[in-house]
Amino acid sequence: MYGIILAGGSGSRLWPLSRELYPKQLLNLNSKKSLLQATYERLKNCASEIVSITNTKHTSNVRMQLSDLCNNPVVLSEPVAKNTAPAIVLATKYIMQKSNSDPIIIVVPSDHLIENNEKFLSTVKKGEKLAEDGYIVTFGVEPSYPETGYGYINTSEKIQDGYKVKEFVEKPNCETAKKYLQAGTYFWNSGIFMFKASTLFEEAYKHAHEIAKLSELFDFNKKDEIPFIDFDKMPSISIDYAIMEKSDKIALVKLESDWNDLGSWQSIYDVSKKDTNGNVFVGHVLDENSKNSFVYSSSKLVATIGLEDTVIVETEDAILACKKDRTQDVKHIYETLKKQNDNTHLIHKTVYRPWGFYTVIAQGEGFLTKIIHVNPAQKLSVQSHNFRSEHWVVLSGTAKVVLEGKDIILSQGHSVDIPLKAIHSLQNPYKEDLEIIEVQKGNPLIEEDIIRYEDMYGRV
């Protein structure tokens, strides 16, 4: 069996902790591992080979996190977001060409919480026989309450260890969700699928012909890249709309394990350990007499008094406060920020890179100041900038600076100027962490102002 991890989502309902360039699947929300890493380790129990597919803006972070768990993880990079149908079809073609076979493939999102891995594995084994028999298997979660934030799947007669699927339905209102719960034939759509590779392509040619036909343009035996010029021709559509809702070969197996898609702050609250007043406090929180509330502090003291059924989330540059039953609406704030070109939807002040991270500490007209942390034995790409000069001061550790082909070694307290358009690189070939302060001058001061010449992380 092969596995596909879908790792390209934005996690807009978990703003302000989740951002477009560092979404929820990369966050450590409930353990020392990120949701992506936990998904990979879960999938290792049933899949011999795993392919992750993500948007190009997440590729380096996805590869970095998976490299902590395995050597040379396979990460396909979508040059533009086109939803799940093109991603799944191309990842399936990649597996077929690389394995030269027609394997069973399980597809999982990267941002779900499943803690009972044994029951998950036993459910997968039940679905495997149906997949062998030519069904596309979806794994449904038996609803425990009338949730309005999930899609539902209605089933009919039983087949083997599952059910025939009658229909897929959109996220319902509360009254409709109550009817689904009473009917007993509806399941929450977990977004987990399993199929034989050839079955997916048969159904794609029937119901999503444009995607199937365009997939013929890609030959992964020649290169592992997904070219923009070909991928951009793909329609943007989910696997549900493109194939699942149209095919008569869909079966559902009840997911026996626990499951939560952690799609809102309410769901984070639900799975978190609570105090005697039903509160969940994370970080530096001082409270008086609050009940059934969720308060998350990432950097500052958050003091609360007499809250009830409230969510407060503090990050370096944004604060969210809302009623607990309105957390699904956080995505509207996210979308508004996006329309206003407000960077608080896009990125944190602290940004993680394969070589370490940086934190923006000050910004104004024509200048930007960062603390840059470079891990041992890592280095930034050889690069230049068209619009900015830089001044670096070493705060701790030892820096190796390559400037216009010359090596400069800087110890604590020493500095160097990087002129406009100069080819340079910051490196840490030593055993201790390196921290520098960087002052940029110029206009515009944007991350896209980088021309890369060499890069150990494949970003050239």
# chains A, B, ... in the order shown; residues from 1 in each chain; ligands from 1
$ select_by_dssp --residues "region 145-367 of chain A" --states "strand (DSSP E or B)" --output "MDAnalysis selection string"
chainID A and resid 152:159 162:169 186:196 250:254 260 280:282 285:288 291 294:297 302:305 308 310:314 319:323 350:353 356:364 367
$ select_by_dssp --residues "region 64-246 of chain A" --states "alpha helix (DSSP H)" --output "short mmCIF file (atom, residue, chain, number, x, y, z; two decimals) with C-alpha atoms, in the first residue's frame"
data_model
loop_
_atom_site.label_atom_id
_atom_site.label_comp_id
_atom_site.auth_asym_id
_atom_site.auth_seq_id
_atom_site.Cartn_x
_atom_site.Cartn_y
_atom_site.Cartn_z
CA MET A 64 12.08 20.13 6.65
CA GLN A 65 9.53 18.65 9.08
CA LEU A 66 9.39 15.27 7.33
CA SER A 67 13.20 15.12 7.17
CA THR A 84 -7.66 18.32 -4.08
CA ALA A 85 -8.71 16.62 -7.34
CA PRO A 86 -5.66 17.61 -9.45
CA ALA A 87 -3.36 16.99 -6.47
CA ILE A 88 -4.67 13.45 -5.87
CA VAL A 89 -4.69 12.51 -9.56
CA LEU A 90 -1.09 13.68 -10.10
CA ALA A 91 0.22 12.12 -6.88
CA THR A 92 -1.44 8.85 -7.93
CA LYS A 93 0.21 9.05 -11.37
CA TYR A 94 3.57 9.70 -9.67
CA ILE A 95 3.15 6.54 -7.57
CA MET A 96 2.08 4.42 -10.58
CA GLN A 97 5.06 5.55 -12.66
CA LYS A 98 7.67 5.29 -9.91
CA SER A 99 6.44 1.88 -8.69
CA ASN A 117 -3.57 4.48 15.72
CA GLU A 118 -4.39 0.79 16.29
CA LYS A 119 -8.08 1.28 15.52
CA PHE A 120 -7.20 3.50 12.57
CA LEU A 121 -5.05 0.69 11.16
CA SER A 122 -7.81 -1.91 11.65
CA THR A 123 -10.26 0.36 9.80
CA VAL A 124 -7.81 0.75 6.92
CA LYS A 125 -7.52 -3.04 6.63
CA LYS A 126 -11.34 -3.30 6.32
CA GLY A 127 -11.31 -0.76 3.53
CA GLU A 128 -8.49 -2.49 1.69
CA LYS A 129 -10.65 -5.43 0.50
CA LEU A 130 -13.28 -3.05 -0.90
CA ALA A 131 -10.56 -1.10 -2.70
CA GLU A 132 -9.21 -4.35 -4.18
CA CYS A 174 -28.34 23.12 12.63
CA GLU A 175 -31.86 21.81 11.97
CA THR A 176 -30.70 19.74 8.99
CA ALA A 177 -27.76 18.39 11.01
CA LYS A 178 -30.21 17.24 13.71
CA LYS A 179 -32.22 15.34 11.06
CA TYR A 180 -29.06 13.69 9.76
CA LEU A 181 -28.18 12.61 13.31
CA GLN A 182 -31.66 11.10 13.85
CA ALA A 183 -31.65 9.26 10.50
CA ALA A 197 -4.72 3.49 -8.67
CA SER A 198 -6.36 2.19 -11.87
CA THR A 199 -9.83 2.65 -10.34
CA LEU A 200 -9.18 6.32 -9.64
CA PHE A 201 -8.07 6.91 -13.23
CA GLU A 202 -11.05 4.99 -14.65
CA GLU A 203 -13.42 7.19 -12.65
CA ALA A 204 -11.42 10.32 -13.46
CA TYR A 205 -11.72 9.69 -17.20
CA LYS A 206 -15.48 9.19 -16.75
CA HIS A 207 -16.29 12.11 -14.44
CA HIS A 209 -12.10 13.98 -18.03
CA GLU A 210 -10.27 17.32 -18.28
CA ILE A 211 -8.11 16.51 -15.24
CA ALA A 212 -7.44 12.95 -16.42
CA LYS A 213 -6.55 14.12 -19.94
CA LEU A 214 -4.26 16.92 -18.68
CA PHE A 228 3.52 25.51 -13.78
CA ILE A 229 2.64 25.85 -17.48
CA ASP A 230 0.89 22.45 -17.49
CA PHE A 231 -0.53 22.45 -13.95
CA ILE A 239 -12.09 15.41 -5.31
#
$ residues_around --residues "Val439 (chain A)" --least-positions-apart "6" --cutoff "10 Å" --atoms "only C-alpha atoms" --output "list in words"
Ala362, Gln363, Phe367, Leu368, Thr369, Lys370, Ile371, Arg388, Ser389, Glu390, His391, Trp392, Val393 and Asp417 of chain A
$ residues_around --residues "Thr276 (chain A)" --least-positions-apart "3" --cutoff "10 Å" --atoms "only C-alpha atoms" --output "PyMOL selection string"
chain A and resi 279-280+291-292
$ atom_distance --atom1 "CA of Ile5 (chain A)" --atom2 "CA of Lys33 (chain A)"
16.0 Å
$ closest_residue --among "A:Ser77, A:Thr315, A:His414, A:Ser12" --to "Thr336 (chain A)" --atoms "only C-alpha atoms"
A:Ser12
$ residues_around --residues "Thr398 (chain A)" --least-positions-apart "4" --cutoff "7 Å" --atoms "only C-alpha atoms" --output "VMD selection string"
chain A and resid 410 to 412 434
$ atom_distance --atom1 "CA of Met456 (chain A)" --atom2 "CA of Asn71 (chain A)"
15.1 Å
$ atom_distance --atom1 "CA of Leu217 (chain A)" --atom2 "CA of Asn61 (chain A)"
27.7 Å
$ decode --residues "region 54-177 of chain A" --atoms "C-alpha atoms" --output "PDB file, in the first residue's frame"
ATOM      1  CA  THR A  54       1.732  20.597  -1.004  1.00  0.00           C
ATOM      2  CA  ASN A  55       1.701  24.121  -2.376  1.00  0.00           C
ATOM      3  CA  THR A  56       5.070  25.506  -3.454  1.00  0.00           C
ATOM      4  CA  LYS A  57       5.013  28.116  -0.660  1.00  0.00           C
ATOM      5  CA  HIS A  58       4.926  25.304   1.941  1.00  0.00           C
ATOM      6  CA  THR A  59       7.332  22.885   0.264  1.00  0.00           C
ATOM      7  CA  SER A  60      10.496  23.775   2.177  1.00  0.00           C
ATOM      8  CA  ASN A  61       8.741  23.634   5.575  1.00  0.00           C
ATOM      9  CA  VAL A  62       6.985  20.338   4.734  1.00  0.00           C
ATOM     10  CA  ARG A  63      10.256  18.801   3.589  1.00  0.00           C
ATOM     11  CA  MET A  64      12.078  20.133   6.645  1.00  0.00           C
ATOM     12  CA  GLN A  65       9.525  18.654   9.080  1.00  0.00           C
ATOM     13  CA  LEU A  66       9.390  15.268   7.335  1.00  0.00           C
ATOM     14  CA  SER A  67      13.201  15.117   7.169  1.00  0.00           C
ATOM     15  CA  ASP A  68      13.143  14.851  10.968  1.00  0.00           C
ATOM     16  CA  LEU A  69      11.281  11.527  10.538  1.00  0.00           C
ATOM     17  CA  CYS A  70      12.861   9.965   7.444  1.00  0.00           C
ATOM     18  CA  ASN A  71      15.656  10.376   4.917  1.00  0.00           C
ATOM     19  CA  ASN A  72      14.788  12.058   1.613  1.00  0.00           C
ATOM     20  CA  PRO A  73      11.012  12.407   1.999  1.00  0.00           C
ATOM     21  CA  VAL A  74       9.077  12.572  -1.271  1.00  0.00           C
ATOM     22  CA  VAL A  75       7.385  15.983  -1.487  1.00  0.00           C
ATOM     23  CA  LEU A  76       5.616  17.050  -4.675  1.00  0.00           C
ATOM     24  CA  SER A  77       5.190  20.792  -5.081  1.00  0.00           C
ATOM     25  CA  GLU A  78       2.096  22.308  -6.704  1.00  0.00           C
ATOM     26  CA  PRO A  79       3.116  25.596  -8.366  1.00  0.00           C
ATOM     27  CA  VAL A  80      -0.388  27.006  -7.819  1.00  0.00           C
ATOM     28  CA  ALA A  81      -3.317  25.900  -5.615  1.00  0.00           C
ATOM     29  CA  LYS A  82      -5.887  23.881  -7.597  1.00  0.00           C
ATOM     30  CA  ASN A  83      -7.781  22.057  -4.799  1.00  0.00           C
ATOM     31  CA  THR A  84      -7.656  18.323  -4.076  1.00  0.00           C
ATOM     32  CA  ALA A  85      -8.712  16.624  -7.340  1.00  0.00           C
ATOM     33  CA  PRO A  86      -5.659  17.606  -9.451  1.00  0.00           C
ATOM     34  CA  ALA A  87      -3.363  16.985  -6.469  1.00  0.00           C
ATOM     35  CA  ILE A  88      -4.668  13.450  -5.870  1.00  0.00           C
ATOM     36  CA  VAL A  89      -4.686  12.514  -9.562  1.00  0.00           C
ATOM     37  CA  LEU A  90      -1.090  13.676 -10.102  1.00  0.00           C
ATOM     38  CA  ALA A  91       0.219  12.123  -6.876  1.00  0.00           C
ATOM     39  CA  THR A  92      -1.437   8.848  -7.935  1.00  0.00           C
ATOM     40  CA  LYS A  93       0.208   9.052 -11.368  1.00  0.00           C
ATOM     41  CA  TYR A  94       3.565   9.704  -9.667  1.00  0.00           C
ATOM     42  CA  ILE A  95       3.155   6.536  -7.570  1.00  0.00           C
ATOM     43  CA  MET A  96       2.082   4.421 -10.581  1.00  0.00           C
ATOM     44  CA  GLN A  97       5.061   5.554 -12.662  1.00  0.00           C
ATOM     45  CA  LYS A  98       7.665   5.289  -9.911  1.00  0.00           C
ATOM     46  CA  SER A  99       6.442   1.881  -8.692  1.00  0.00           C
ATOM     47  CA  ASN A 100       5.558   0.588 -12.174  1.00  0.00           C
ATOM     48  CA  SER A 101       2.513  -1.027 -10.576  1.00  0.00           C
ATOM     49  CA  ASP A 102      -1.191  -0.586  -9.783  1.00  0.00           C
ATOM     50  CA  PRO A 103      -1.142  -0.353  -5.981  1.00  0.00           C
ATOM     51  CA  ILE A 104      -3.763   0.382  -3.347  1.00  0.00           C
ATOM     52  CA  ILE A 105      -3.379   4.015  -2.258  1.00  0.00           C
ATOM     53  CA  ILE A 106      -4.676   5.703   0.881  1.00  0.00           C
ATOM     54  CA  VAL A 107      -5.107   9.491   0.808  1.00  0.00           C
ATOM     55  CA  VAL A 108      -5.153  11.450   4.079  1.00  0.00           C
ATOM     56  CA  PRO A 109      -5.266  15.143   5.021  1.00  0.00           C
ATOM     57  CA  SER A 110      -2.281  16.378   7.002  1.00  0.00           C
ATOM     58  CA  ASP A 111      -4.220  18.326   9.637  1.00  0.00           C
ATOM     59  CA  HIS A 112      -6.390  15.793  11.479  1.00  0.00           C
ATOM     60  CA  LEU A 113      -6.004  14.567  15.042  1.00  0.00           C
ATOM     61  CA  ILE A 114      -6.217  10.763  15.444  1.00  0.00           C
ATOM     62  CA  GLU A 115      -4.755   9.329  18.629  1.00  0.00           C
ATOM     63  CA  ASN A 116      -5.875   5.684  18.480  1.00  0.00           C
ATOM     64  CA  ASN A 117      -3.566   4.480  15.724  1.00  0.00           C
ATOM     65  CA  GLU A 118      -4.387   0.787  16.286  1.00  0.00           C
ATOM     66  CA  LYS A 119      -8.078   1.281  15.520  1.00  0.00           C
ATOM     67  CA  PHE A 120      -7.196   3.500  12.574  1.00  0.00           C
ATOM     68  CA  LEU A 121      -5.049   0.686  11.164  1.00  0.00           C
ATOM     69  CA  SER A 122      -7.814  -1.911  11.650  1.00  0.00           C
ATOM     70  CA  THR A 123     -10.263   0.355   9.798  1.00  0.00           C
ATOM     71  CA  VAL A 124      -7.813   0.754   6.921  1.00  0.00           C
ATOM     72  CA  LYS A 125      -7.521  -3.037   6.634  1.00  0.00           C
ATOM     73  CA  LYS A 126     -11.337  -3.299   6.320  1.00  0.00           C
ATOM     74  CA  GLY A 127     -11.313  -0.763   3.529  1.00  0.00           C
ATOM     75  CA  GLU A 128      -8.486  -2.492   1.688  1.00  0.00           C
ATOM     76  CA  LYS A 129     -10.649  -5.429   0.501  1.00  0.00           C
ATOM     77  CA  LEU A 130     -13.276  -3.046  -0.904  1.00  0.00           C
ATOM     78  CA  ALA A 131     -10.559  -1.099  -2.699  1.00  0.00           C
ATOM     79  CA  GLU A 132      -9.206  -4.345  -4.182  1.00  0.00           C
ATOM     80  CA  ASP A 133     -12.720  -5.060  -5.492  1.00  0.00           C
ATOM     81  CA  GLY A 134     -12.798  -1.806  -7.447  1.00  0.00           C
ATOM     82  CA  TYR A 135     -14.435   0.624  -5.021  1.00  0.00           C
ATOM     83  CA  ILE A 136     -13.217   4.072  -4.079  1.00  0.00           C
ATOM     84  CA  VAL A 137     -13.474   3.824  -0.301  1.00  0.00           C
ATOM     85  CA  THR A 138     -14.229   6.825   1.886  1.00  0.00           C
ATOM     86  CA  PHE A 139     -13.941   6.635   5.667  1.00  0.00           C
ATOM     87  CA  GLY A 140     -16.889   8.129   7.533  1.00  0.00           C
ATOM     88  CA  VAL A 141     -17.117   9.251  11.154  1.00  0.00           C
ATOM     89  CA  GLU A 142     -20.293   8.359  13.045  1.00  0.00           C
ATOM     90  CA  PRO A 143     -21.705  11.739  14.191  1.00  0.00           C
ATOM     91  CA  SER A 144     -22.067  12.263  17.928  1.00  0.00           C
ATOM     92  CA  TYR A 145     -23.814  15.647  17.752  1.00  0.00           C
ATOM     93  CA  PRO A 146     -25.368  17.874  15.027  1.00  0.00           C
ATOM     94  CA  GLU A 147     -22.145  19.453  13.710  1.00  0.00           C
ATOM     95  CA  THR A 148     -22.617  22.190  11.074  1.00  0.00           C
ATOM     96  CA  GLY A 149     -18.930  22.543  10.149  1.00  0.00           C
ATOM     97  CA  TYR A 150     -18.539  19.159   8.395  1.00  0.00           C
ATOM     98  CA  GLY A 151     -19.812  17.688   5.147  1.00  0.00           C
ATOM     99  CA  TYR A 152     -21.936  14.535   5.488  1.00  0.00           C
ATOM    100  CA  ILE A 153     -22.180  11.238   3.563  1.00  0.00           C
ATOM    101  CA  ASN A 154     -25.491   9.355   3.356  1.00  0.00           C
ATOM    102  CA  THR A 155     -25.285   5.560   3.037  1.00  0.00           C
ATOM    103  CA  SER A 156     -27.610   2.786   1.842  1.00  0.00           C
ATOM    104  CA  GLU A 157     -27.188  -1.010   1.859  1.00  0.00           C
ATOM    105  CA  LYS A 158     -24.300  -2.812   3.536  1.00  0.00           C
ATOM    106  CA  ILE A 159     -21.490  -4.305   1.453  1.00  0.00           C
ATOM    107  CA  GLN A 160     -18.708  -6.376   3.065  1.00  0.00           C
ATOM    108  CA  ASP A 161     -17.366  -4.284   5.974  1.00  0.00           C
ATOM    109  CA  GLY A 162     -18.902  -1.067   4.714  1.00  0.00           C
ATOM    110  CA  TYR A 163     -21.868   0.576   3.001  1.00  0.00           C
ATOM    111  CA  LYS A 164     -22.777   1.770  -0.458  1.00  0.00           C
ATOM    112  CA  VAL A 165     -22.726   5.564  -0.619  1.00  0.00           C
ATOM    113  CA  LYS A 166     -26.023   7.173  -1.586  1.00  0.00           C
ATOM    114  CA  GLU A 167     -24.984  10.835  -1.641  1.00  0.00           C
ATOM    115  CA  PHE A 168     -22.541  13.465  -0.424  1.00  0.00           C
ATOM    116  CA  VAL A 169     -24.152  16.529   1.181  1.00  0.00           C
ATOM    117  CA  GLU A 170     -22.795  19.983   2.001  1.00  0.00           C
ATOM    118  CA  LYS A 171     -22.282  21.414   5.472  1.00  0.00           C
ATOM    119  CA  PRO A 172     -25.842  21.678   6.845  1.00  0.00           C
ATOM    120  CA  ASN A 173     -27.578  24.189   9.070  1.00  0.00           C
ATOM    121  CA  CYS A 174     -28.341  23.124  12.633  1.00  0.00           C
ATOM    122  CA  GLU A 175     -31.863  21.812  11.968  1.00  0.00           C
ATOM    123  CA  THR A 176     -30.697  19.740   8.994  1.00  0.00           C
ATOM    124  CA  ALA A 177     -27.761  18.388  11.012  1.00  0.00           C
TER     125      ALA A 177
END
